[in-house]
$ cat input.cif   # mmCIF, C-alpha atoms and all ligand atoms
data_query
#
loop_
_atom_site.group_PDB
_atom_site.id
_atom_site.type_symbol
_atom_site.label_atom_id
_atom_site.label_comp_id
_atom_site.auth_asym_id
_atom_site.auth_seq_id
_atom_site.Cartn_x
_atom_site.Cartn_y
_atom_site.Cartn_z
ATOM 1 C CA MET A 1 -6.568 -38.549 -37.145
ATOM 2 C CA ALA A 2 -8.951 -35.734 -36.329
ATOM 3 C CA LEU A 3 -7.297 -32.820 -34.588
ATOM 4 C CA ARG A 4 -10.572 -31.945 -32.793
ATOM 5 C CA SER A 5 -14.319 -31.665 -33.512
ATOM 6 C CA ASP A 6 -15.248 -32.097 -37.178
ATOM 7 C CA LEU A 7 -16.918 -28.918 -38.477
ATOM 8 C CA SER A 8 -16.495 -29.829 -42.143
ATOM 9 C CA GLY A 9 -20.185 -30.630 -42.643
ATOM 10 C CA LYS A 10 -21.584 -27.475 -41.068
ATOM 11 C CA ALA A 11 -23.782 -25.135 -43.121
ATOM 12 C CA CYS A 12 -21.768 -22.084 -42.043
ATOM 13 C CA PRO A 13 -18.755 -21.387 -44.289
ATOM 14 C CA ILE A 14 -16.852 -19.843 -41.374
ATOM 15 C CA ALA A 15 -17.225 -23.122 -39.495
ATOM 16 C CA ARG A 16 -16.055 -25.127 -42.529
ATOM 17 C CA SER A 17 -13.084 -22.763 -42.983
ATOM 18 C CA VAL A 18 -11.944 -22.859 -39.377
ATOM 19 C CA ASP A 19 -12.269 -26.639 -39.515
ATOM 20 C CA ILE A 20 -9.180 -26.425 -41.728
ATOM 21 C CA LEU A 21 -7.617 -23.074 -40.852
ATOM 22 C CA GLY A 22 -8.518 -22.663 -37.183
ATOM 23 C CA ASP A 23 -5.493 -24.550 -35.892
ATOM 24 C CA PRO A 24 -2.641 -22.149 -35.008
ATOM 25 C CA TRP A 25 0.028 -24.374 -36.515
ATOM 26 C CA VAL A 26 -1.849 -24.491 -39.831
ATOM 27 C CA ALA A 27 -1.702 -20.708 -40.212
ATOM 28 C CA LEU A 28 1.997 -20.695 -39.332
ATOM 29 C CA ILE A 29 2.756 -23.533 -41.764
ATOM 30 C CA LEU A 30 0.967 -21.611 -44.524
ATOM 31 C CA ARG A 31 2.990 -18.498 -43.578
ATOM 32 C CA GLU A 32 6.185 -20.488 -43.990
ATOM 33 C CA VAL A 33 5.159 -21.941 -47.374
ATOM 34 C CA PHE A 34 4.085 -18.520 -48.707
ATOM 35 C CA GLY A 35 7.480 -17.212 -47.620
ATOM 36 C CA GLY A 36 9.308 -19.924 -49.573
ATOM 37 C CA ASN A 37 9.977 -22.342 -46.726
ATOM 38 C CA ARG A 38 8.613 -25.484 -48.398
ATOM 39 C CA ARG A 39 10.594 -28.336 -46.907
ATOM 40 C CA PHE A 40 9.734 -30.264 -43.769
ATOM 41 C CA ASP A 41 12.839 -29.413 -41.752
ATOM 42 C CA GLY A 42 12.556 -25.735 -42.673
ATOM 43 C CA ILE A 43 8.880 -25.627 -41.729
ATOM 44 C CA VAL A 44 9.660 -27.257 -38.380
ATOM 45 C CA ALA A 45 12.412 -24.682 -37.763
ATOM 46 C CA GLY A 46 10.311 -21.752 -38.992
ATOM 47 C CA THR A 47 7.216 -22.573 -36.951
ATOM 48 C CA GLY A 48 8.938 -23.900 -33.848
ATOM 49 C CA ALA A 49 6.399 -26.739 -33.777
ATOM 50 C CA ALA A 50 7.248 -30.344 -32.977
ATOM 51 C CA GLU A 51 7.910 -32.596 -35.980
ATOM 52 C CA SER A 52 4.801 -34.678 -35.211
ATOM 53 C CA VAL A 53 2.670 -31.518 -35.148
ATOM 54 C CA VAL A 54 4.018 -30.304 -38.488
ATOM 55 C CA SER A 55 3.686 -33.763 -40.019
ATOM 56 C CA SER A 56 0.024 -34.161 -39.046
ATOM 57 C CA ARG A 57 -0.876 -30.664 -40.276
ATOM 58 C CA LEU A 58 0.954 -31.105 -43.595
ATOM 59 C CA THR A 59 -0.870 -34.405 -44.144
ATOM 60 C CA MET A 60 -4.205 -32.712 -43.424
ATOM 61 C CA LEU A 61 -3.415 -29.730 -45.693
ATOM 62 C CA VAL A 62 -2.587 -32.092 -48.564
ATOM 63 C CA GLU A 63 -5.733 -34.156 -47.921
ATOM 64 C CA ARG A 64 -7.874 -31.008 -47.803
ATOM 65 C CA GLY A 65 -6.379 -29.659 -51.026
ATOM 66 C CA LEU A 66 -4.414 -26.609 -49.801
ATOM 67 C CA LEU A 67 -0.948 -28.036 -50.463
ATOM 68 C CA ASP A 68 0.524 -30.397 -53.034
ATOM 69 C CA LYS A 69 3.603 -32.515 -52.510
ATOM 70 C CA ARG A 70 6.443 -32.080 -54.994
ATOM 71 C CA PRO A 71 9.403 -34.472 -54.900
ATOM 72 C CA TYR A 72 12.984 -33.277 -54.696
ATOM 73 C CA ASP A 73 16.313 -35.014 -54.289
ATOM 74 C CA GLY A 74 17.371 -34.548 -50.689
ATOM 75 C CA GLN A 75 20.997 -35.746 -50.481
ATOM 76 C CA GLY A 76 20.357 -38.829 -52.589
ATOM 77 C CA ARG A 77 17.023 -39.550 -50.998
ATOM 78 C CA ARG A 78 13.650 -38.658 -52.489
ATOM 79 C CA ARG A 79 11.831 -36.243 -50.247
ATOM 80 C CA ASP A 80 8.770 -34.043 -50.709
ATOM 81 C CA GLU A 81 8.408 -30.328 -50.513
ATOM 82 C CA TYR A 82 5.074 -28.581 -50.212
ATOM 83 C CA VAL A 83 3.600 -26.106 -52.692
ATOM 84 C CA LEU A 84 0.389 -24.108 -52.525
ATOM 85 C CA THR A 85 -2.604 -25.184 -54.596
ATOM 86 C CA ASP A 86 -5.078 -22.566 -55.802
ATOM 87 C CA ALA A 87 -7.096 -23.172 -52.621
ATOM 88 C CA GLY A 88 -3.945 -22.723 -50.550
ATOM 89 C CA ALA A 89 -2.992 -19.524 -52.384
ATOM 90 C CA ASP A 90 -6.489 -18.192 -51.663
ATOM 91 C CA THR A 91 -5.588 -18.097 -47.954
ATOM 92 C CA LEU A 92 -3.207 -15.165 -48.554
ATOM 93 C CA PRO A 93 -5.731 -12.447 -47.590
ATOM 94 C CA ILE A 94 -6.631 -14.457 -44.492
ATOM 95 C CA LEU A 95 -2.999 -14.405 -43.367
ATOM 96 C CA HIS A 96 -2.831 -10.696 -44.200
ATOM 97 C CA ALA A 97 -5.959 -10.103 -42.109
ATOM 98 C CA LEU A 98 -4.390 -12.012 -39.219
ATOM 99 C CA ALA A 99 -1.203 -9.939 -39.529
ATOM 100 C CA ARG A 100 -3.152 -6.665 -39.639
ATOM 101 C CA TRP A 101 -5.287 -7.652 -36.674
ATOM 102 C CA GLY A 102 -2.244 -8.806 -34.707
ATOM 103 C CA ASN A 103 -0.368 -5.558 -35.398
ATOM 104 C CA ALA A 104 -3.403 -3.555 -34.259
ATOM 105 C CA HIS A 105 -4.709 -5.564 -31.310
ATOM 106 C CA ALA A 106 -2.042 -8.043 -30.156
ATOM 107 C CA PRO A 107 1.046 -5.825 -30.022
ATOM 108 C CA ALA A 108 4.457 -7.305 -30.749
ATOM 109 C CA PRO A 109 7.031 -7.381 -27.936
ATOM 110 C CA ASP A 110 9.237 -5.230 -30.197
ATOM 111 C CA PRO A 111 7.054 -2.931 -32.351
ATOM 112 C CA VAL A 112 9.865 -2.424 -34.868
ATOM 113 C CA ARG A 113 9.887 -6.142 -35.610
ATOM 114 C CA ARG A 114 6.396 -6.540 -36.978
ATOM 115 C CA MET A 115 5.283 -8.199 -40.189
ATOM 116 C CA ARG A 116 4.531 -5.734 -42.966
ATOM 117 C CA VAL A 117 2.712 -6.404 -46.256
ATOM 118 C CA PHE A 118 3.622 -4.466 -49.410
ATOM 119 C CA CYS A 119 2.035 -4.020 -52.827
ATOM 120 C CA LEU A 120 4.818 -4.738 -55.314
ATOM 121 C CA THR A 121 3.026 -2.814 -58.061
ATOM 122 C CA CYS A 122 3.202 0.598 -56.363
ATOM 123 C CA GLY A 123 5.446 -0.112 -53.373
ATOM 124 C CA GLY A 124 2.750 0.959 -50.933
ATOM 125 C CA GLU A 125 1.701 -0.674 -47.700
ATOM 126 C CA PRO A 126 -2.022 -1.277 -48.326
ATOM 127 C CA PRO A 127 -4.490 -0.761 -45.475
ATOM 128 C CA SER A 128 -6.355 -3.857 -46.653
ATOM 129 C CA ALA A 129 -5.847 -7.610 -46.522
ATOM 130 C CA ASP A 130 -6.723 -8.327 -50.134
ATOM 131 C CA TRP A 131 -6.240 -5.293 -52.371
ATOM 132 C CA CYS A 132 -4.230 -2.136 -52.823
ATOM 133 C CA PRO A 133 -6.421 0.992 -52.976
ATOM 134 C CA THR A 134 -3.496 3.062 -54.342
ATOM 135 C CA CYS A 135 -3.154 1.102 -57.591
ATOM 136 C CA GLY A 136 -6.397 -0.860 -57.473
ATOM 137 C CA ARG A 137 -4.809 -4.290 -57.743
ATOM 138 C CA ALA A 138 -5.594 -7.414 -55.766
ATOM 139 C CA LEU A 139 -2.908 -8.601 -53.358
ATOM 140 C CA THR A 140 -1.954 -11.994 -54.747
ATOM 141 C CA VAL A 141 1.186 -14.091 -54.607
ATOM 142 C CA GLU A 142 2.299 -12.248 -57.757
ATOM 143 C CA THR A 143 1.717 -8.734 -56.428
ATOM 144 C CA THR A 144 2.665 -9.049 -52.766
ATOM 145 C CA GLY A 145 5.839 -8.711 -50.748
ATOM 146 C CA TRP A 146 6.382 -9.345 -47.053
ATOM 147 C CA ARG A 147 8.813 -7.997 -44.536
ATOM 148 C CA LYS A 148 8.704 -10.680 -41.876
ATOM 149 C CA ALA A 149 8.944 -9.836 -38.185
ATOM 150 C CA ARG A 150 12.046 -12.036 -37.850
ATOM 151 C CA THR A 151 13.830 -10.452 -40.852
ATOM 152 C CA PRO A 152 12.320 -6.973 -41.426
ATOM 153 C CA GLU A 153 15.336 -5.894 -43.517
ATOM 154 C CA VAL A 154 14.442 -8.411 -46.255
ATOM 155 C CA LEU A 155 11.563 -7.826 -48.684
ATOM 156 C CA VAL A 156 10.303 -11.293 -49.632
ATOM 157 C CA ARG A 157 8.601 -11.264 -53.038
ATOM 158 C CA LEU A 158 6.117 -14.114 -52.652
ATOM 159 C CA ALA A 159 6.087 -15.044 -56.346
ATOM 160 C CA GLU A 160 9.860 -15.442 -56.402
ATOM 161 C CA VAL A 161 10.263 -17.774 -53.457
HETATM 162 ZN ZN ZN A 201 -0.404 -0.845 -55.099
#

$ encode --input "input.cif" --output "structure tokens" --more "lines below"
Ligand SMILES: [Zn+2]
Amino acid sequence: MALRSDLSGKACPIARSVDILGDPWVALILREVFGGNRRFDGIVAGTGAAESVVSSRLTMLVERGLLDKRPYDGQGRRRDEYVLTDAGADTLPILHALARWGNAHAPAPDPVRRMRVFCLTCGGEPPSADWCPTCGRALTVETTGWRKARTPEVLVRLAEV
């Protein structure tokens, strides 16, 4: 089921990207998966979206190659959790750019509770979505930590979740 107009065949790469990533629930689902929330019920709780909304977006993200399904035993019943593919992991700087833009131009109701992105190599808070100018490393799943707006006291190391 198409969520809206199909931009997947457009010449412009921004159009093709927003065809997949332009839905608000998609960005929030990816945020949850990067943060280690890989199971359906947890993604529903973390995003606050309806189950049908999460289900349709997860199906699309698997079909479009951003997530893979990985089975696990859920209380005696086989269920799937969702893991990032390489294409999914490549959305990390996009989420960082959204967080930076939101912190700068769409202020949080409580400015103390804002998402912060850290370079795990040097401990700095890079002023960039995709690399750390202090140590010169790219911000990848392996080198990045988040302090989420909901739980700013916890440093989530993305590679360990
Ligand atoms: Zn650094």

$ resolve_selection --input "input.cif" --expression "the PyMOL selection byres (((chain A and resi 114) around 9) and not hetatm)" --output "list in words"
Ala99, Asn103, Pro107, Ala108, Asp110, Pro111, Val112, Arg113, Met115, Arg116, Arg147, Lys148, Ala149, Arg150 and Pro152 of chain A

$ residues_around --input "input.cif" --residues "Leu30 in chain A" --least-positions-apart "3" --cutoff "9 Å" --atoms "only C-alpha atoms" --output "list of chain:residue names"
A:Trp25, A:Val26, A:Ala27, A:Val33, A:Phe34, A:Gly35, A:Leu67, A:Leu84, A:Gly88, A:Thr91, A:Leu92, A:Leu95

$ closest_atom_pairs --input "input.cif" --of "chain A" --to "ligand ZN 201 (chain A)" --cutoff "9 Å" --atoms "all atoms listed in the file" --output "tab-separated table"
residue	atom	partner	partner_atom	distance
A:Phe118	CA	A:ZN201	ZN	7.9
A:Cys119	CA	A:ZN201	ZN	4.6
A:Leu120	CA	A:ZN201	ZN	6.5
A:Thr121	CA	A:ZN201	ZN	4.9
A:Cys122	CA	A:ZN201	ZN	4.1
A:Gly123	CA	A:ZN201	ZN	6.1
A:Gly124	CA	A:ZN201	ZN	5.5
A:Glu125	CA	A:ZN201	ZN	7.7
A:Pro126	CA	A:ZN201	ZN	7.0
A:Trp131	CA	A:ZN201	ZN	7.8
A:Cys132	CA	A:ZN201	ZN	4.6
A:Pro133	CA	A:ZN201	ZN	6.6
A:Thr134	CA	A:ZN201	ZN	5.0
A:Cys135	CA	A:ZN201	ZN	4.2
A:Gly136	CA	A:ZN201	ZN	6.4
A:Arg137	CA	A:ZN201	ZN	6.2
A:Ala138	CA	A:ZN201	ZN	8.4
A:Leu139	CA	A:ZN201	ZN	8.3
A:Thr143	CA	A:ZN201	ZN	8.3

$ resolve_selection --input "input.cif" --expression "the PyMOL selection byres (((chain A and resi 58-64) around 9) and not hetatm)" --output "JSON, numbers by chain"
{"A": [1, 20, 26, 29, 40, 53, 54, 55, 56, 57, 65, 66, 67, 68, 69, 82, 88]}

$ atom_distance --input "input.cif" --atom1 "CA of Ile43 in chain A" --atom2 "CA of Asp80 in chain A"
12.3 Å

$ closest_residue --input "input.cif" --among "A:Arg31, A:His105, A:Arg100, A:Lys10" --to "Leu158 in chain A" --atoms "only C-alpha atoms"
A:Arg31

$ atom_distance --input "input.cif" --atom1 "CA of Ala50 in chain A" --atom2 "CA of Asp23 in chain A"
14.3 Å

$ atom_distance --input "input.cif" --atom1 "CA of Asp130 in chain A" --atom2 "CA of Glu142 in chain A"
12.4 Å

$ closest_residue --input "input.cif" --among "A:Arg39, A:Asp90, A:Gly46, A:Ala15" --to "Tyr72 in chain A" --atoms "only C-alpha atoms"
A:Arg39

$ decode --input "input.cif" --residues "range 12-159 of chain A" --atoms "C-alpha atoms" --output "PDB file, in the first residue's frame"
ATOM      1  CA  CYS A  12      16.289  13.986  -8.075  1.00  0.00           C
ATOM      2  CA  PRO A  13      17.961  11.984  -5.282  1.00  0.00           C
ATOM      3  CA  ILE A  14      16.309  14.165  -2.634  1.00  0.00           C
ATOM      4  CA  ALA A  15      12.924  13.180  -4.045  1.00  0.00           C
ATOM      5  CA  ARG A  16      13.882   9.481  -4.069  1.00  0.00           C
ATOM      6  CA  SER A  17      15.174   9.761  -0.481  1.00  0.00           C
ATOM      7  CA  VAL A  18      12.119  11.507   0.907  1.00  0.00           C
ATOM      8  CA  ASP A  19       9.993   8.908  -0.867  1.00  0.00           C
ATOM      9  CA  ILE A  20      11.336   6.561   1.812  1.00  0.00           C
ATOM     10  CA  LEU A  21      12.421   8.864   4.633  1.00  0.00           C
ATOM     11  CA  GLY A  22       9.961  11.747   4.354  1.00  0.00           C
ATOM     12  CA  ASP A  23       7.314  10.127   6.532  1.00  0.00           C
ATOM     13  CA  PRO A  24       7.606  11.303  10.167  1.00  0.00           C
ATOM     14  CA  TRP A  25       6.992   7.848  11.592  1.00  0.00           C
ATOM     15  CA  VAL A  26       9.815   6.403   9.476  1.00  0.00           C
ATOM     16  CA  ALA A  27      12.376   8.747  11.033  1.00  0.00           C
ATOM     17  CA  LEU A  28      11.086   7.948  14.520  1.00  0.00           C
ATOM     18  CA  ILE A  29      11.139   4.193  13.861  1.00  0.00           C
ATOM     19  CA  LEU A  30      14.747   4.478  12.674  1.00  0.00           C
ATOM     20  CA  ARG A  31      15.558   6.491  15.831  1.00  0.00           C
ATOM     21  CA  GLU A  32      14.147   3.684  17.945  1.00  0.00           C
ATOM     22  CA  VAL A  33      16.074   0.956  16.085  1.00  0.00           C
ATOM     23  CA  PHE A  34      19.359   2.906  16.283  1.00  0.00           C
ATOM     24  CA  GLY A  35      18.742   3.248  20.014  1.00  0.00           C
ATOM     25  CA  GLY A  36      18.321  -0.514  20.433  1.00  0.00           C
ATOM     26  CA  ASN A  37      14.530  -0.682  20.412  1.00  0.00           C
ATOM     27  CA  ARG A  38      14.158  -3.405  17.771  1.00  0.00           C
ATOM     28  CA  ARG A  39      10.944  -5.192  18.640  1.00  0.00           C
ATOM     29  CA  PHE A  40       7.474  -4.281  17.438  1.00  0.00           C
ATOM     30  CA  ASP A  41       5.905  -3.576  20.825  1.00  0.00           C
ATOM     31  CA  GLY A  42       8.893  -1.481  21.892  1.00  0.00           C
ATOM     32  CA  ILE A  43       8.832   0.520  18.666  1.00  0.00           C
ATOM     33  CA  VAL A  44       5.108   1.170  19.104  1.00  0.00           C
ATOM     34  CA  ALA A  45       5.730   2.339  22.686  1.00  0.00           C
ATOM     35  CA  GLY A  46       8.807   4.387  21.765  1.00  0.00           C
ATOM     36  CA  THR A  47       7.232   6.206  18.827  1.00  0.00           C
ATOM     37  CA  GLY A  48       3.727   6.572  20.219  1.00  0.00           C
ATOM     38  CA  ALA A  49       2.374   5.567  16.803  1.00  0.00           C
ATOM     39  CA  ALA A  50      -0.569   3.241  16.271  1.00  0.00           C
ATOM     40  CA  GLU A  51       0.299  -0.424  15.689  1.00  0.00           C
ATOM     41  CA  SER A  52      -1.045  -0.263  12.117  1.00  0.00           C
ATOM     42  CA  VAL A  53       1.169   2.755  11.393  1.00  0.00           C
ATOM     43  CA  VAL A  54       4.282   1.043  12.745  1.00  0.00           C
ATOM     44  CA  SER A  55       3.438  -2.190  10.941  1.00  0.00           C
ATOM     45  CA  SER A  56       3.045  -0.528   7.536  1.00  0.00           C
ATOM     46  CA  ARG A  57       6.267   1.475   7.933  1.00  0.00           C
ATOM     47  CA  LEU A  58       8.283  -1.552   9.088  1.00  0.00           C
ATOM     48  CA  THR A  59       7.017  -3.522   6.083  1.00  0.00           C
ATOM     49  CA  MET A  60       8.031  -0.680   3.759  1.00  0.00           C
ATOM     50  CA  LEU A  61      11.472  -0.296   5.395  1.00  0.00           C
ATOM     51  CA  VAL A  62      12.142  -4.016   4.937  1.00  0.00           C
ATOM     52  CA  GLU A  63      10.913  -3.907   1.325  1.00  0.00           C
ATOM     53  CA  ARG A  64      13.080  -0.860   0.593  1.00  0.00           C
ATOM     54  CA  GLY A  65      16.159  -2.459   2.143  1.00  0.00           C
ATOM     55  CA  LEU A  66      16.725  -0.296   5.253  1.00  0.00           C
ATOM     56  CA  LEU A  67      15.804  -2.965   7.806  1.00  0.00           C
ATOM     57  CA  ASP A  68      16.135  -6.735   7.969  1.00  0.00           C
ATOM     58  CA  LYS A  69      13.937  -9.011  10.026  1.00  0.00           C
ATOM     59  CA  ARG A  70      15.665 -11.280  12.534  1.00  0.00           C
ATOM     60  CA  PRO A  71      13.656 -13.969  14.330  1.00  0.00           C
ATOM     61  CA  TYR A  72      13.627 -14.319  18.094  1.00  0.00           C
ATOM     62  CA  ASP A  73      11.709 -16.492  20.516  1.00  0.00           C
ATOM     63  CA  GLY A  74       9.012 -14.329  22.046  1.00  0.00           C
ATOM     64  CA  GLN A  75       7.525 -16.359  24.926  1.00  0.00           C
ATOM     65  CA  GLY A  76       7.409 -19.574  22.924  1.00  0.00           C
ATOM     66  CA  ARG A  77       6.284 -17.875  19.760  1.00  0.00           C
ATOM     67  CA  ARG A  78       8.543 -16.944  16.857  1.00  0.00           C
ATOM     68  CA  ARG A  79       8.558 -13.213  16.361  1.00  0.00           C
ATOM     69  CA  ASP A  80      10.755 -10.848  14.359  1.00  0.00           C
ATOM     70  CA  GLU A  81      12.910  -8.009  15.486  1.00  0.00           C
ATOM     71  CA  TYR A  82      14.283  -5.389  13.138  1.00  0.00           C
ATOM     72  CA  VAL A  83      17.955  -4.661  12.483  1.00  0.00           C
ATOM     73  CA  LEU A  84      19.565  -1.994  10.332  1.00  0.00           C
ATOM     74  CA  THR A  85      21.023  -2.930   6.955  1.00  0.00           C
ATOM     75  CA  ASP A  86      23.955  -0.949   5.573  1.00  0.00           C
ATOM     76  CA  ALA A  87      21.444   1.333   3.827  1.00  0.00           C
ATOM     77  CA  GLY A  88      19.582   1.774   7.106  1.00  0.00           C
ATOM     78  CA  ALA A  89      22.786   2.519   9.023  1.00  0.00           C
ATOM     79  CA  ASP A  90      23.610   5.169   6.411  1.00  0.00           C
ATOM     80  CA  THR A  91      20.628   7.199   7.665  1.00  0.00           C
ATOM     81  CA  LEU A  92      22.476   8.000  10.916  1.00  0.00           C
ATOM     82  CA  PRO A  93      23.786  11.409   9.757  1.00  0.00           C
ATOM     83  CA  ILE A  94      20.306  12.253   8.483  1.00  0.00           C
ATOM     84  CA  LEU A  95      18.859  11.659  11.950  1.00  0.00           C
ATOM     85  CA  HIS A  96      21.724  13.664  13.450  1.00  0.00           C
ATOM     86  CA  ALA A  97      20.971  16.512  11.035  1.00  0.00           C
ATOM     87  CA  LEU A  98      17.306  16.396  12.039  1.00  0.00           C
ATOM     88  CA  ALA A  99      18.274  16.484  15.728  1.00  0.00           C
ATOM     89  CA  ARG A 100      20.663  19.406  15.197  1.00  0.00           C
ATOM     90  CA  TRP A 101      18.109  21.332  13.173  1.00  0.00           C
ATOM     91  CA  GLY A 102      15.376  20.633  15.723  1.00  0.00           C
ATOM     92  CA  ASN A 103      17.568  21.782  18.625  1.00  0.00           C
ATOM     93  CA  ALA A 104      18.394  24.988  16.739  1.00  0.00           C
ATOM     94  CA  HIS A 105      15.098  25.890  15.077  1.00  0.00           C
ATOM     95  CA  ALA A 106      12.258  23.903  16.685  1.00  0.00           C
ATOM     96  CA  PRO A 107      12.984  24.402  20.385  1.00  0.00           C
ATOM     97  CA  ALA A 108      12.092  21.676  22.861  1.00  0.00           C
ATOM     98  CA  PRO A 109       9.429  22.422  25.487  1.00  0.00           C
ATOM     99  CA  ASP A 110      12.126  21.716  28.100  1.00  0.00           C
ATOM    100  CA  PRO A 111      15.556  22.783  26.762  1.00  0.00           C
ATOM    101  CA  VAL A 112      17.358  20.553  29.266  1.00  0.00           C
ATOM    102  CA  ARG A 113      15.683  17.498  27.771  1.00  0.00           C
ATOM    103  CA  ARG A 114      17.086  17.650  24.274  1.00  0.00           C
ATOM    104  CA  MET A 115      18.768  14.917  22.273  1.00  0.00           C
ATOM    105  CA  ARG A 116      22.546  15.192  22.243  1.00  0.00           C
ATOM    106  CA  VAL A 117      25.005  13.357  19.970  1.00  0.00           C
ATOM    107  CA  PHE A 118      28.483  12.424  21.220  1.00  0.00           C
ATOM    108  CA  CYS A 119      31.678  11.202  19.577  1.00  0.00           C
ATOM    109  CA  LEU A 120      32.721   8.149  21.586  1.00  0.00           C
ATOM    110  CA  THR A 121      36.321   8.445  20.398  1.00  0.00           C
ATOM    111  CA  CYS A 122      37.032  11.805  22.058  1.00  0.00           C
ATOM    112  CA  GLY A 123      33.902  12.340  24.156  1.00  0.00           C
ATOM    113  CA  GLY A 124      33.095  15.578  22.358  1.00  0.00           C
ATOM    114  CA  GLU A 125      29.763  16.823  21.108  1.00  0.00           C
ATOM    115  CA  PRO A 126      30.501  17.376  17.397  1.00  0.00           C
ATOM    116  CA  PRO A 127      29.001  20.398  15.637  1.00  0.00           C
ATOM    117  CA  SER A 128      28.355  18.196  12.607  1.00  0.00           C
ATOM    118  CA  ALA A 129      25.898  15.479  11.635  1.00  0.00           C
ATOM    119  CA  ASP A 130      28.424  13.068  10.173  1.00  0.00           C
ATOM    120  CA  TRP A 131      31.921  13.621  11.553  1.00  0.00           C
ATOM    121  CA  CYS A 132      33.850  14.805  14.567  1.00  0.00           C
ATOM    122  CA  PRO A 133      36.224  17.688  13.753  1.00  0.00           C
ATOM    123  CA  THR A 134      38.056  17.217  17.089  1.00  0.00           C
ATOM    124  CA  CYS A 135      39.344  13.719  16.301  1.00  0.00           C
ATOM    125  CA  GLY A 136      38.603  13.611  12.583  1.00  0.00           C
ATOM    126  CA  ARG A 137      36.476  10.476  12.683  1.00  0.00           C
ATOM    127  CA  ALA A 138      33.176   9.810  10.965  1.00  0.00           C
ATOM    128  CA  LEU A 139      30.138   9.490  13.221  1.00  0.00           C
ATOM    129  CA  THR A 140      29.010   5.922  12.636  1.00  0.00           C
ATOM    130  CA  VAL A 141      27.114   3.401  14.716  1.00  0.00           C
ATOM    131  CA  GLU A 142      30.498   2.331  16.115  1.00  0.00           C
ATOM    132  CA  THR A 143      31.684   5.812  17.081  1.00  0.00           C
ATOM    133  CA  THR A 144      28.484   7.510  18.215  1.00  0.00           C
ATOM    134  CA  GLY A 145      26.592   7.832  21.468  1.00  0.00           C
ATOM    135  CA  TRP A 146      23.240   9.476  22.110  1.00  0.00           C
ATOM    136  CA  ARG A 147      21.693  11.083  25.126  1.00  0.00           C
ATOM    137  CA  LYS A 148      18.016  10.899  24.269  1.00  0.00           C
ATOM    138  CA  ALA A 149      15.611  13.680  25.206  1.00  0.00           C
ATOM    139  CA  ARG A 150      13.507  11.222  27.232  1.00  0.00           C
ATOM    140  CA  THR A 151      16.508   9.818  29.161  1.00  0.00           C
ATOM    141  CA  PRO A 152      19.309  12.436  29.063  1.00  0.00           C
ATOM    142  CA  GLU A 153      21.091  10.794  32.022  1.00  0.00           C
ATOM    143  CA  VAL A 154      21.850   7.676  29.940  1.00  0.00           C
ATOM    144  CA  LEU A 155      24.572   7.634  27.272  1.00  0.00           C
ATOM    145  CA  VAL A 156      23.422   5.094  24.676  1.00  0.00           C
ATOM    146  CA  ARG A 157      26.374   3.631  22.768  1.00  0.00           C
ATOM    147  CA  LEU A 158      24.761   2.793  19.431  1.00  0.00           C
ATOM    148  CA  ALA A 159      27.081  -0.127  18.654  1.00  0.00           C
TER     149      ALA A 159
END
